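K.L.:
Sharing final18.tsv below, TSV, C-alpha atoms and all ligand atoms:
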chain	number	residue	atom	x	y	z
A	620	MET	CA	5.63	-3.58	10.12
A	621	SER	CA	4.07	-1.50	7.35
A	622	LYS	CA	3.44	2.22	7.67
A	623	MET	CA	-0.30	1.66	7.25
A	624	SER	CA	-0.42	-0.96	10.04
A	625	ARG	CA	1.22	1.56	12.36
A	626	LYS	CA	-1.31	4.17	11.30
A	627	ALA	CA	-4.25	1.77	11.78
A	628	ALA	CA	-3.00	0.94	15.27
A	629	ALA	CA	-2.58	4.59	16.26
A	630	LEU	CA	-5.92	5.77	14.81
A	631	PRO	CA	-8.20	4.78	17.75
A	632	HIS	CA	-5.76	6.53	20.15
A	633	LEU	CA	-5.51	9.85	18.33
A	634	ARG	CA	-7.72	11.69	20.84
A	635	ARG	CA	-5.82	10.50	23.86
A	636	ALA	CA	-3.12	13.18	23.84
A	637	GLY	CA	-5.75	15.94	24.05
A	638	LEU	CA	-7.73	14.47	26.96
A	639	SER	CA	-7.80	15.79	30.53
A	640	LYS	CA	-8.76	13.66	33.52
A	641	GLY	CA	-12.52	12.98	33.42
A	642	ASP	CA	-12.97	13.80	29.71
A	643	PRO	CA	-15.08	11.38	27.65
A	644	VAL	CA	-13.00	8.86	25.71
A	645	ALA	CA	-15.57	8.76	22.90
A	646	LEU	CA	-15.79	11.83	20.67
A	647	PRO	CA	-18.44	14.33	21.87
A	648	LEU	CA	-20.86	15.51	19.18
A	649	THR	CA	-20.79	19.31	19.15
A	650	MET	CA	-23.95	20.69	17.61
A	651	THR	CA	-23.58	24.46	17.68
A	652	SER	CA	-23.73	27.44	15.39
A	653	MET	CA	-22.35	29.85	18.02
A	654	TYR	CA	-19.32	29.89	20.29
A	655	HIS	CA	-19.00	31.89	23.51
A	656	LEU	CA	-17.08	34.86	22.12
A	657	PRO	CA	-16.82	37.98	24.26
A	658	GLY	CA	-14.36	40.75	23.29
A	659	ASP	CA	-11.51	40.17	20.82
A	660	PRO	CA	-12.52	37.20	18.58
A	661	ALA	CA	-8.91	36.37	17.59
A	662	GLY	CA	-7.61	32.90	18.39
A	663	ALA	CA	-10.96	31.34	19.32
A	664	ARG	CA	-13.65	29.42	17.45
A	665	GLN	CA	-15.90	32.14	16.11
A	666	TYR	CA	-18.83	30.78	14.14
A	667	GLY	CA	-20.23	27.42	13.07
A	668	ARG	CA	-19.51	27.96	9.37
A	669	PHE	CA	-15.80	28.48	10.11
A	670	ASP	CA	-14.98	25.71	12.59
A	671	ASN	CA	-16.46	22.80	14.44
A	672	PRO	CA	-14.67	20.49	16.91
A	673	THR	CA	-16.43	17.40	15.53
A	674	TRP	CA	-15.29	18.15	11.96
A	675	GLU	CA	-11.80	18.76	13.32
A	676	ALA	CA	-11.75	15.31	14.93
A	677	ALA	CA	-12.69	13.58	11.65
A	678	GLU	CA	-10.17	15.75	9.78
A	679	HIS	CA	-7.52	14.80	12.34
A	680	GLN	CA	-8.08	11.09	11.65
A	681	LEU	CA	-7.98	11.65	7.87
A	682	ALA	CA	-4.85	13.82	8.20
A	683	HIS	CA	-3.23	10.97	10.13
A	684	LEU	CA	-4.08	8.50	7.34
A	685	GLU	CA	-3.25	10.78	4.39
A	686	ASP	CA	-0.16	12.47	5.91
A	687	ALA	CA	-1.71	15.70	4.66
A	688	GLY	CA	-3.89	18.65	5.53
A	689	ILE	CA	-7.61	17.89	5.22
A	690	VAL	CA	-10.70	19.92	4.42
A	691	ALA	CA	-13.92	17.98	5.06
A	692	PHE	CA	-16.98	18.53	2.87
A	693	PRO	CA	-20.64	17.49	3.00
A	694	SER	CA	-20.27	15.06	0.03
A	695	GLY	CA	-17.76	13.74	-2.44
A	696	MET	CA	-19.11	16.12	-5.08
A	697	ALA	CA	-18.73	19.08	-2.69
A	698	ALA	CA	-15.04	18.12	-2.36
A	699	ILE	CA	-14.66	17.86	-6.16
A	700	SER	CA	-16.56	21.16	-6.65
A	701	ALA	CA	-14.20	22.84	-4.19
A	702	ALA	CA	-11.19	21.61	-6.17
A	703	PHE	CA	-12.73	23.00	-9.38
A	704	PHE	CA	-14.27	26.28	-8.25
A	705	ALA	CA	-11.58	27.30	-5.77
A	706	LEU	CA	-8.60	26.53	-8.01
A	707	LEU	CA	-9.73	27.35	-11.58
A	708	LYS	CA	-10.30	30.62	-13.38
A	709	SER	CA	-11.72	31.70	-16.70
A	710	GLY	CA	-9.63	30.55	-19.66
A	711	ASP	CA	-8.30	27.40	-17.91
A	712	ARG	CA	-8.43	23.98	-19.56
A	713	ILE	CA	-8.86	20.83	-17.52
A	714	LEU	CA	-8.59	17.13	-18.29
A	715	LEU	CA	-11.12	14.63	-16.91
A	716	PRO	CA	-11.44	10.88	-17.35
A	717	SER	CA	-14.07	10.00	-19.96
A	718	ASP	CA	-14.92	6.82	-18.03
A	719	GLY	CA	-14.76	7.91	-14.36
A	720	TYR	CA	-17.59	8.91	-12.02
A	721	TYR	CA	-19.93	10.74	-14.43
A	722	THR	CA	-21.12	13.60	-12.20
A	723	GLY	CA	-17.74	15.37	-12.44
A	724	ARG	CA	-18.14	15.57	-16.23
A	725	VAL	CA	-21.72	16.83	-15.92
A	726	LEU	CA	-20.63	19.48	-13.42
A	727	ALA	CA	-17.87	20.65	-15.77
A	728	GLU	CA	-20.17	20.80	-18.80
A	729	ARG	CA	-23.08	22.46	-17.01
A	730	PHE	CA	-21.33	24.86	-14.60
A	731	LEU	CA	-17.59	25.24	-15.44
A	732	LYS	CA	-18.12	25.90	-19.13
A	733	PRO	CA	-20.27	29.04	-18.57
A	734	PHE	CA	-17.39	30.40	-16.44
A	735	GLY	CA	-14.98	29.89	-19.36
A	736	VAL	CA	-13.30	26.68	-18.16
A	737	THR	CA	-13.02	24.03	-20.87
A	738	ALA	CA	-12.93	20.32	-20.05
A	739	ASP	CA	-11.36	17.66	-22.29
A	740	LEU	CA	-12.01	13.97	-21.76
A	741	ARG	CA	-9.64	11.02	-22.07
A	742	PRO	CA	-10.05	7.34	-21.15
A	743	THR	CA	-8.29	6.12	-17.99
A	744	THR	CA	-6.42	3.48	-20.00
A	745	GLY	CA	-3.76	5.52	-21.78
A	746	PHE	CA	-4.58	8.62	-19.71
A	747	ALA	CA	-1.05	10.01	-20.26
A	748	ASP	CA	-1.18	9.54	-24.06
A	749	GLY	CA	-1.04	12.93	-25.73
A	750	GLY	CA	0.66	14.65	-22.79
A	751	PHE	CA	-0.67	17.42	-20.57
A	752	ALA	CA	0.51	20.64	-22.21
A	753	GLY	CA	-1.96	23.47	-21.69
A	754	TYR	CA	-3.88	21.94	-18.78
A	755	ARG	CA	-4.31	23.86	-15.54
A	756	LEU	CA	-5.81	20.85	-13.74
A	757	VAL	CA	-5.59	17.13	-14.48
A	758	PHE	CA	-8.12	14.95	-12.71
A	759	LEU	CA	-7.58	11.20	-12.59
A	760	GLU	CA	-9.60	8.38	-11.10
A	761	THR	CA	-8.03	4.95	-10.67
A	762	PRO	CA	-9.41	2.31	-10.56
A	763	SER	CA	-12.09	4.12	-12.52
A	764	ASN	CA	-15.70	3.81	-11.43
A	765	PRO	CA	-17.34	1.73	-12.83
A	766	GLY	CA	-14.99	0.16	-15.44
A	767	LEU	CA	-12.07	-0.46	-13.01
A	768	ASP	CA	-9.45	0.64	-15.52
A	769	ILE	CA	-6.15	1.78	-14.06
A	770	CYS	CA	-3.71	4.54	-14.91
A	771	ASP	CA	-0.17	5.06	-13.66
A	772	ILE	CA	-0.55	7.74	-10.97
A	773	ALA	CA	3.18	8.47	-10.63
A	774	ALA	CA	3.69	8.79	-14.40
A	775	VAL	CA	0.61	11.01	-14.86
A	776	ALA	CA	1.54	13.16	-11.87
A	777	LYS	CA	5.12	13.64	-13.03
A	778	ALA	CA	4.20	14.58	-16.60
A	779	ALA	CA	1.20	16.72	-15.66
A	780	ARG	CA	3.07	18.64	-12.96
A	781	ALA	CA	5.97	19.22	-15.35
A	782	ALA	CA	3.40	20.73	-17.75
A	783	GLY	CA	2.24	23.08	-14.98
A	784	ALA	CA	-1.00	21.35	-14.00
A	785	ILE	CA	-2.44	20.71	-10.55
A	786	VAL	CA	-2.93	16.94	-10.30
A	787	VAL	CA	-6.09	15.78	-8.53
A	788	ALA	CA	-6.73	12.09	-7.81
A	789	ASP	CA	-10.16	10.76	-6.88
A	790	ASN	CA	-9.28	7.99	-4.40
A	791	THR	CA	-12.86	7.01	-3.50
A	792	THR	CA	-12.63	3.41	-4.70
A	793	MET	CA	-9.48	2.64	-2.66
A	794	THR	CA	-9.40	4.85	0.51
A	795	PRO	CA	-6.06	5.93	2.05
A	796	TYR	CA	-5.37	2.36	3.17
A	797	GLY	CA	-5.70	0.95	-0.34
A	798	GLN	CA	-3.87	3.55	-2.41
A	799	ARG	CA	-1.77	6.65	-1.65
A	800	PRO	CA	-1.89	9.11	-4.58
A	801	LEU	CA	-0.14	11.90	-2.63
A	802	ASP	CA	2.85	9.59	-2.07
A	803	LEU	CA	2.86	9.00	-5.85
A	804	GLY	CA	3.03	12.72	-6.65
A	805	ALA	CA	-0.57	13.97	-6.85
A	806	ASP	CA	-1.16	17.48	-5.46
A	807	LEU	CA	-4.65	16.78	-4.19
A	808	VAL	CA	-6.72	13.77	-3.24
A	809	VAL	CA	-10.51	14.00	-3.34
A	810	SER	CA	-12.66	11.30	-1.82
A	811	ALA	CA	-16.34	10.43	-1.48
A	812	ASP	CA	-16.27	9.30	2.14
A	813	THR	CA	-19.94	8.49	1.58
A	814	LYS	CA	-18.60	5.13	0.35
A	815	ALA	CA	-16.13	2.87	2.18
A	816	VAL	CA	-14.63	5.50	4.51
A	817	ASN	CA	-17.91	5.96	6.37
A	818	GLY	CA	-18.91	2.48	5.29
A	819	HIS	CA	-22.37	2.24	6.84
A	820	SER	CA	-24.48	3.77	4.05
A	821	ASP	CA	-25.98	6.34	6.42
A	822	VAL	CA	-24.03	9.50	5.55
A	823	LEU	CA	-22.81	11.60	2.63
A	824	PHE	CA	-19.37	13.12	3.24
A	825	GLY	CA	-16.17	13.98	1.41
A	826	HIS	CA	-12.71	15.35	1.88
A	827	VAL	CA	-9.83	16.97	0.07
A	828	ALA	CA	-6.28	16.12	1.18
A	829	THR	CA	-3.15	18.03	0.22
A	830	ARG	CA	0.39	18.59	1.44
A	831	ASP	CA	0.51	22.02	-0.25
A	832	GLU	CA	-0.16	24.71	2.36
A	833	ALA	CA	-1.28	27.30	-0.21
A	834	LEU	CA	-3.82	24.93	-1.79
A	835	LEU	CA	-5.02	23.88	1.68
A	836	SER	CA	-5.62	27.43	2.78
A	837	THR	CA	-7.46	28.29	-0.47
A	838	LEU	CA	-9.73	25.24	-0.04
A	839	ARG	CA	-10.43	26.16	3.60
A	840	ASP	CA	-11.39	29.68	2.50
A	841	TRP	CA	-13.62	28.23	-0.21
A	842	ARG	CA	-15.50	26.11	2.31
A	843	LYS	CA	-15.92	28.98	4.74
A	844	LEU	CA	-17.09	31.44	2.08
A	845	SER	CA	-19.19	29.10	-0.09
A	846	GLY	CA	-20.83	27.55	2.97
A	847	ALA	CA	-20.29	23.98	1.68
A	848	ILE	CA	-19.77	22.72	5.23
A	849	PRO	CA	-20.36	19.24	6.63
A	850	GLY	CA	-22.89	18.68	9.39
A	851	PRO	CA	-21.37	17.89	12.82
A	852	PHE	CA	-23.43	14.71	13.18
A	853	GLU	CA	-22.25	13.46	9.77
A	854	ALA	CA	-18.67	14.19	10.84
A	855	TRP	CA	-19.29	12.28	14.08
A	856	LEU	CA	-20.55	9.25	12.14
A	857	VAL	CA	-17.59	9.37	9.73
A	858	HIS	CA	-15.24	9.59	12.76
A	859	ARG	CA	-16.83	6.42	14.11
A	860	GLY	CA	-16.68	4.75	10.69
A	861	LEU	CA	-12.99	5.53	10.32
A	862	GLU	CA	-12.23	3.61	13.51
A	863	THR	CA	-13.17	0.37	11.71
A	864	LEU	CA	-12.11	1.23	8.14
A	865	ASP	CA	-8.94	-0.86	8.35
A	866	VAL	CA	-10.82	-3.98	9.51
A	867	ARG	CA	-13.69	-3.53	7.07
A	868	LEU	CA	-11.45	-2.87	4.09
A	869	GLU	CA	-9.31	-5.89	4.85
A	870	ARG	CA	-12.34	-8.18	5.00
A	871	MET	CA	-13.91	-6.62	1.89
A	872	CYS	CA	-10.74	-6.77	-0.23
A	873	ASN	CA	-9.85	-10.32	0.88
A	874	SER	CA	-13.35	-11.51	0.01
A	875	ALA	CA	-13.32	-9.64	-3.33
A	876	GLU	CA	-10.07	-11.39	-4.32
A	877	ILE	CA	-11.65	-14.78	-3.67
A	878	ILE	CA	-14.97	-13.98	-5.32
A	879	ALA	CA	-13.41	-12.37	-8.42
A	880	ALA	CA	-11.28	-15.47	-9.02
A	881	ARG	CA	-14.33	-17.75	-8.68
A	882	LEU	CA	-16.46	-15.57	-10.95
A	883	ALA	CA	-13.72	-15.71	-13.59
A	884	GLU	CA	-14.01	-19.53	-13.63
A	885	ARG	CA	-17.75	-19.52	-14.40
A	886	LYS	CA	-18.96	-20.17	-17.96
A	887	ASP	CA	-22.03	-17.94	-17.52
A	888	VAL	CA	-19.94	-14.86	-16.71
A	889	VAL	CA	-18.85	-13.16	-19.95
A	890	ALA	CA	-16.11	-11.04	-18.36
A	891	VAL	CA	-14.74	-10.11	-14.95
A	892	ARG	CA	-12.81	-6.94	-14.18
A	893	TYR	CA	-10.84	-6.95	-10.95
A	894	PRO	CA	-7.35	-5.45	-10.63
A	895	GLY	CA	-6.26	-8.39	-8.46
A	896	LEU	CA	-6.80	-11.00	-11.20
A	897	PRO	CA	-3.43	-11.90	-12.76
A	898	ASP	CA	-4.83	-11.56	-16.31
A	899	ASP	CA	-6.65	-8.27	-15.68
A	900	PRO	CA	-5.32	-5.52	-18.02
A	901	GLY	CA	-4.63	-3.33	-14.96
A	902	HIS	CA	-2.95	-5.99	-12.84
A	903	ALA	CA	0.72	-5.01	-13.27
A	904	LEU	CA	0.02	-1.35	-12.49
A	905	ALA	CA	-2.26	-2.33	-9.60
A	906	ARG	CA	0.52	-4.43	-8.07
A	907	ALA	CA	2.94	-1.55	-8.43
A	908	GLN	CA	0.83	1.30	-7.05
A	909	MET	CA	-2.00	-0.11	-4.89
A	910	GLN	CA	-1.77	-1.46	-1.34
A	911	ARG	CA	-4.90	-3.56	-1.91
A	912	PHE	CA	-6.82	-4.62	-5.04
A	913	GLY	CA	-10.08	-3.14	-3.77
A	914	PHE	CA	-13.58	-4.41	-3.05
A	915	LEU	CA	-15.27	-3.54	-6.36
A	916	ILE	CA	-15.71	-6.19	-9.05
A	917	GLY	CA	-17.07	-5.57	-12.55
A	918	LEU	CA	-18.82	-8.59	-14.00
A	919	THR	CA	-20.57	-8.84	-17.31
A	920	LEU	CA	-23.47	-11.22	-17.73
A	921	PRO	CA	-24.85	-12.11	-21.19
A	922	SER	CA	-27.86	-9.79	-21.02
A	923	LYS	CA	-29.62	-7.01	-19.16
A	924	ALA	CA	-32.35	-9.43	-18.07
A	925	GLN	CA	-29.88	-11.99	-16.71
A	926	ALA	CA	-28.01	-9.28	-14.80
A	927	GLU	CA	-31.25	-7.98	-13.26
A	928	ARG	CA	-32.30	-11.53	-12.32
A	929	PHE	CA	-28.89	-12.14	-10.69
A	930	ILE	CA	-29.04	-8.97	-8.59
A	931	GLY	CA	-32.64	-9.66	-7.58
A	932	ALA	CA	-32.07	-13.34	-6.74
A	933	CYS	CA	-29.24	-12.99	-4.21
A	934	PRO	CA	-30.40	-12.48	-0.61
A	935	LEU	CA	-26.92	-11.18	0.34
A	936	ILE	CA	-26.81	-8.51	-2.39
A	937	GLN	CA	-28.50	-5.18	-1.75
A	938	PRO	CA	-29.73	-3.74	-5.06
A	939	ALA	CA	-28.63	-0.12	-4.75
A	940	THR	CA	-26.55	2.58	-6.36
A	941	SER	CA	-23.40	3.61	-4.47
A	942	PHE	CA	-20.95	1.15	-2.88
A	943	GLY	CA	-18.53	0.54	-0.02
A	944	GLY	CA	-21.07	-0.43	2.67
A	945	VAL	CA	-20.80	-3.27	5.18
A	946	HIS	CA	-23.44	-5.06	3.05
A	947	THR	CA	-22.62	-6.33	-0.42
A	948	SER	CA	-24.46	-4.29	-3.05
A	949	ALA	CA	-24.76	-4.29	-6.82
A	950	GLU	CA	-26.26	-2.49	-9.75
A	951	ARG	CA	-26.34	-2.54	-13.52
A	952	ARG	CA	-24.45	0.60	-14.43
A	953	ALA	CA	-25.98	0.90	-17.92
A	954	ARG	CA	-29.18	1.98	-16.17
A	955	TRP	CA	-27.45	5.35	-15.54
A	956	GLY	CA	-26.08	5.58	-19.07
A	957	ASP	CA	-22.46	4.58	-18.28
A	958	ALA	CA	-20.65	3.31	-21.38
A	959	VAL	CA	-20.70	-0.35	-20.31
A	960	ALA	CA	-22.45	-3.49	-21.59
A	961	PRO	CA	-26.16	-3.84	-20.65
A	962	GLY	CA	-25.26	-6.93	-18.58
A	963	PHE	CA	-22.38	-5.19	-16.72
A	964	VAL	CA	-22.84	-5.34	-12.94
A	965	ARG	CA	-20.75	-3.35	-10.46
A	966	LEU	CA	-20.51	-5.57	-7.41
A	967	SER	CA	-19.38	-3.98	-4.15
A	968	ILE	CA	-18.23	-6.69	-1.78
A	969	GLY	CA	-19.23	-6.09	1.84
A	970	CYS	CA	-18.25	-7.55	5.20
A	971	GLU	CA	-20.34	-10.74	5.11
A	972	PRO	CA	-18.16	-13.84	5.74
A	973	VAL	CA	-17.00	-14.99	2.31
A	974	GLU	CA	-17.83	-18.64	3.02
A	975	ALA	CA	-21.49	-17.56	3.18
A	976	LEU	CA	-21.30	-14.83	0.55
A	977	TRP	CA	-19.79	-16.88	-2.27
A	978	PRO	CA	-22.42	-19.68	-2.18
A	979	ALA	CA	-25.17	-17.04	-2.18
A	980	VAL	CA	-23.62	-15.31	-5.21
A	981	ALA	CA	-23.11	-18.63	-7.03
A	982	GLU	CA	-26.70	-19.72	-6.37
A	983	ALA	CA	-28.04	-16.40	-7.64
A	984	LEU	CA	-25.97	-16.80	-10.84
A	985	ASP	CA	-27.40	-20.33	-11.25
A	986	ALA	CA	-30.92	-19.02	-10.71
A	987	ALA	CA	-30.43	-16.13	-13.18
A	988	GLY	CA	-28.99	-18.29	-16.00
B	1	LIG	C1	-19.76	8.53	-5.30
B	1	LIG	C2	-18.57	9.12	-5.94
B	1	LIG	C3	-18.36	10.50	-5.94
B	1	LIG	C4	-19.39	11.48	-5.39
B	1	LIG	O1	-19.62	11.33	-4.03
B	1	LIG	P1	-20.96	11.88	-3.32
B	1	LIG	O2	-20.68	11.73	-1.88
B	1	LIG	O3	-22.09	11.06	-3.85
B	1	LIG	O4	-21.12	13.31	-3.73
B	1	LIG	C5	-17.19	10.98	-6.50
B	1	LIG	N1	-16.28	10.16	-7.05
B	1	LIG	C6	-16.45	8.82	-7.07
B	1	LIG	C7	-15.39	7.95	-7.68
B	1	LIG	C8	-17.60	8.26	-6.52
B	1	LIG	O5	-17.77	6.94	-6.58
If you convert what's in this file into structure tokens, what do you get?

P.N.:
Amino acid sequence: MSKMSRKAAALPHLRRAGLSKGDPVALPLTMTSMYHLPGDPAGARQYGRFDNPTWEAAEHQLAHLEDAGIVAFPSGMAAISAAFFALLKSGDRILLPSDGYYTGRVLAERFLKPFGVTADLRPTTGFADGGFAGYRLVFLETPSNPGLDICDIAAVAKAARAAGAIVVADNTTMTPYGQRPLDLGADLVVSADTKAVNGHSDVLFGHVATRDEALLSTLRDWRKLSGAIPGPFEAWLVHRGLETLDVRLERMCNSAEIIAARLAERKDVVAVRYPGLPDDPGHALARAQMQRFGFLIGLTLPSKAQAERFIGACPLIQPATSFGGVHTSAERRARWGDAVAPGFVRLSIGCEPVEALWPAVAEALDAAG
């Protein structure tokens, strides 16, 4: 049995060891800013910005999956901001992917630069080319969003750490079940749990995972002092979402494998990017370092108009930005200025049965052509 199957099986039982007779089996939602705190405050929960039992429960599940210490944040960007602002200082250089989630680059340009932190950009394909000398922090994202290019996490981590950098991996597109960057040598994982981890498109959330106690404690202090804390109800919803992540991800990735292969056979589809396709440029690396091939597919249609017609025509595709929900969703990424073809569609495969989903996708392609 695989390690991740054992973890998936144990996840819904994590609370059991802490229960007393008569306690609720389901996680209570603790909405409080204050804790009963007479006398010496040491050793107790003190204030709602420092601790919350509902965050702790979600962090416990994520710690179980990541084999690491966890700090939960109110969004994926809050987790990435924590990694930047808590760990960098004036004069540092950092390396970001030129093709990954664009907000990280905007944040660096707009708010790190004035503090004297310089960001260089490099494409995910060939991310290690040129080495990592002089970088304090190296941030990778694989498969990259939206292009689904892949870099070798172990090779980047080894070279970047040898050069003295902290290696941060954005694992949003894969989740801890699909890819394990800490096992491959990264110092820190950041994740937008807004996406597949929560999975129900009703919450923004994020986390940082690390096995380095010093980094963990710095990130905890950052959260407490900056006030970038998650809401207890959001943590409660993520806790519930995590209980089904294994099942949802399995369905989504299995369906994506089938749909990507069928899209690749169609004459009206100019190109398909999916790490699970044997002729995808990232396939060999994906096989070597990913547990699953993911639920995101990049497909290029001949034109902007055809792509918009396709998205609009399919009753089982939700036109929306963001991804990882139980419902299939899609958008044309060029509408946000990503460096992709005008007809490039990022398709996020949901939990609909594939025998219903594929015919709906195929009919929408027919209708759009
Ligand atoms: C969505 C996303 C983020 C940001 O997450 P938010 O919860 O929207 O702040 C970061 N990285 C990647 C790869 C994402 O897809």

K.L.:
A:Arg724, A:His946, A:His683, A:Lys886: which is nearest ligand LIG 1 (chain B), counting all atoms listed in the file?

P.N.:
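For ligand LIG 1 (chain B), the nearest of the given residues is A:Arg724.
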
K.L.:
So the first atom is atom CA of A:Ser763 and the second is atom CA of A:Leu706; what is the distance between them in Å, to one decimal place?

P.N.:
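Interatomic distance here is 23.1 Å.
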
K.L.:
Neighbours of ligand LIG 1 (chain B) at 9 Å or closer, counting all atoms listed in the file: which residues, as a PyMOL selection string?

P.N.:
chain A and resi 693-699+719-723+760-765+789-792+809-814+822-825+941-942

K.L.:
What does the distance from atom CA of A:Met909 to atom CA of A:Leu726 come to in Å, to one decimal?

P.N.:
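Between atom CA of A:Met909 and atom CA of A:Leu726 the gap is 28.3 Å.
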
K.L.:
Please provide as a short mmCIF file (atom, residue, chain, number, x, y, z; two decimals) with C-alpha atoms, in the frame of the given file all residues within 10 Å of stretch 866-879 of chain A, with the sequence filter that same-chain residues fewer than 6 positions apart are discarded (counting only C-alpha atoms).

P.N.:
data_model
loop_
_atom_site.label_atom_id
_atom_site.label_comp_id
_atom_site.auth_asym_id
_atom_site.auth_seq_id
_atom_site.Cartn_x
_atom_site.Cartn_y
_atom_site.Cartn_z
CA ALA A 627 -4.25 1.77 11.78
CA MET A 793 -9.48 2.64 -2.66
CA THR A 794 -9.40 4.85 0.51
CA TYR A 796 -5.37 2.36 3.17
CA GLY A 797 -5.70 0.95 -0.34
CA ALA A 815 -16.13 2.87 2.18
CA VAL A 816 -14.63 5.50 4.51
CA GLY A 818 -18.91 2.48 5.29
CA GLY A 860 -16.68 4.75 10.69
CA VAL A 891 -14.74 -10.11 -14.95
CA ARG A 892 -12.81 -6.94 -14.18
CA TYR A 893 -10.84 -6.95 -10.95
CA PRO A 894 -7.35 -5.45 -10.63
CA GLY A 895 -6.26 -8.39 -8.46
CA LEU A 896 -6.80 -11.00 -11.20
CA ARG A 911 -4.90 -3.56 -1.91
CA PHE A 912 -6.82 -4.62 -5.04
CA GLY A 913 -10.08 -3.14 -3.77
CA PHE A 914 -13.58 -4.41 -3.05
CA LEU A 915 -15.27 -3.54 -6.36
CA ILE A 916 -15.71 -6.19 -9.05
CA GLY A 917 -17.07 -5.57 -12.55
CA LEU A 918 -18.82 -8.59 -14.00
CA GLY A 943 -18.53 0.54 -0.02
CA GLY A 944 -21.07 -0.43 2.67
CA VAL A 945 -20.80 -3.27 5.18
CA HIS A 946 -23.44 -5.06 3.05
CA THR A 947 -22.62 -6.33 -0.42
CA LEU A 966 -20.51 -5.57 -7.41
CA SER A 967 -19.38 -3.98 -4.15
CA ILE A 968 -18.23 -6.69 -1.78
CA GLY A 969 -19.23 -6.09 1.84
CA CYS A 970 -18.25 -7.55 5.20
CA GLU A 971 -20.34 -10.74 5.11
CA PRO A 972 -18.16 -13.84 5.74
CA VAL A 973 -17.00 -14.99 2.31
CA GLU A 974 -17.83 -18.64 3.02
CA LEU A 976 -21.30 -14.83 0.55
CA TRP A 977 -19.79 -16.88 -2.27
CA PRO A 978 -22.42 -19.68 -2.18
CA VAL A 980 -23.62 -15.31 -5.21
CA ALA A 981 -23.11 -18.63 -7.03
#

K.L.:
Quick one: distance from atom CA of A:Ala979 to atom CA of A:Ala924 in Å, one decimal?

P.N.:
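About the pair atom CA of A:Ala979 and atom CA of A:Ala924: they are 19.0 Å apart.
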
K.L.:
Can you tell me, as a list in words, what residues are no more than 12 Å from stretch 653-670 of chain A when counting all atoms listed in the file, ignoring any on the same chain fewer than 2 positions away?

P.N.:
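Contacts, with the query itself left out: Thr649, Met650, Thr651, Pro672, Thr673, Trp674, Glu675, Ala676, Glu678, Val690, Ala691, Phe692, Arg839, Asp840, Trp841, Arg842, Lys843, Leu844, Ser845, Gly846, Ala847, Ile848, Pro849, Gly850 and Pro851 of chain A.
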
K.L.:
Have a look at A:Ile713, A:Gln908, A:Val787, A:Arg755 and name the one nearest to A:Leu803; count only C-alpha atoms.

P.N.:
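Smallest distance to A:Leu803 is found for A:Gln908.
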
K.L.:
Rank nothing, just name the residue among A:Pro643, A:Val964, A:Gly750, A:Gly710 nearest to A:Thr919, using only C-alpha atoms.

P.N.:
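Looking at the shortest contact to A:Thr919, the residue is A:Val964.
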
K.L.:
Which one of A:Asp957, A:Glu950, A:Asp768, A:Asp686 sits closest to A:Ala903 if you count all atoms listed in the file?

P.N.:
A:Asp768

K.L.:
Counting all atoms listed in the file, which residues have an atom no more than 12 Å from (4.6, 1.6, -7.3) in the file's coordinates? Please list them as a ChimeraX atom specification.

P.N.:
/A:770-774,798-800,802-804,903-910

K.L.:
So, with all atoms listed in the file as the atoms that count, which of A:Val775, A:Cys933, A:Leu715, A:Ala784 lies closest to A:Ala975?

P.N.:
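Using all atoms listed in the file, the shortest distance to A:Ala975 belongs to A:Cys933.
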
K.L.:
Give the answer as one residue: which of A:Leu838, A:Leu740, A:Ala788, A:Ala747 has the shortest atom-to-atom distance to A:Ala701, using all atoms listed in the file?

P.N.:
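For A:Ala701, the nearest of the candidates is A:Leu838.
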
K.L.:
If we count all atoms listed in the file and set the cut-off at 10 Å, which residues sit around A:Leu835, ignoring sequence neighbours fewer than 5 positions away in its own chain? Please answer as a ChimeraX atom specification.

P.N.:
/A:687-690,807,827-830,840-841

K.L.:
Write a file for stretch 904-909 of chain A of the given structure; include N, CA, C and O atoms and format it as a PDB file, in the first residue's frame.

P.N.:
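Produced file decode-v4.pdb, reproduced below:
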ATOM      1  N   LEU A 904       9.426  14.016 -16.922  1.00  0.00           N
ATOM      2  CA  LEU A 904       9.605  14.577 -15.582  1.00  0.00           C
ATOM      3  C   LEU A 904       8.364  14.343 -14.725  1.00  0.00           C
ATOM      4  O   LEU A 904       8.466  14.026 -13.530  1.00  0.00           O
ATOM      5  N   ALA A 905       7.191  14.497 -15.339  1.00  0.00           N
ATOM      6  CA  ALA A 905       5.940  14.294 -14.603  1.00  0.00           C
ATOM      7  C   ALA A 905       5.881  12.872 -14.051  1.00  0.00           C
ATOM      8  O   ALA A 905       5.535  12.648 -12.892  1.00  0.00           O
ATOM      9  N   ARG A 906       6.226  11.912 -14.885  1.00  0.00           N
ATOM     10  CA  ARG A 906       6.228  10.504 -14.438  1.00  0.00           C
ATOM     11  C   ARG A 906       7.176  10.315 -13.264  1.00  0.00           C
ATOM     12  O   ARG A 906       6.899   9.564 -12.338  1.00  0.00           O
ATOM     13  N   ALA A 907       8.311  11.007 -13.326  1.00  0.00           N
ATOM     14  CA  ALA A 907       9.337  10.804 -12.307  1.00  0.00           C
ATOM     15  C   ALA A 907       8.989  11.481 -10.977  1.00  0.00           C
ATOM     16  O   ALA A 907       9.331  10.966  -9.920  1.00  0.00           O
ATOM     17  N   GLN A 908       8.307  12.625 -11.023  1.00  0.00           N
ATOM     18  CA  GLN A 908       8.190  13.385  -9.767  1.00  0.00           C
ATOM     19  C   GLN A 908       6.754  13.628  -9.301  1.00  0.00           C
ATOM     20  O   GLN A 908       6.558  14.168  -8.217  1.00  0.00           O
ATOM     21  N   MET A 909       5.746  13.262 -10.094  1.00  0.00           N
ATOM     22  CA  MET A 909       4.364  13.514  -9.684  1.00  0.00           C
ATOM     23  C   MET A 909       3.650  12.201  -9.388  1.00  0.00           C
ATOM     24  O   MET A 909       3.856  11.208 -10.079  1.00  0.00           O
TER      25      MET A 909
END
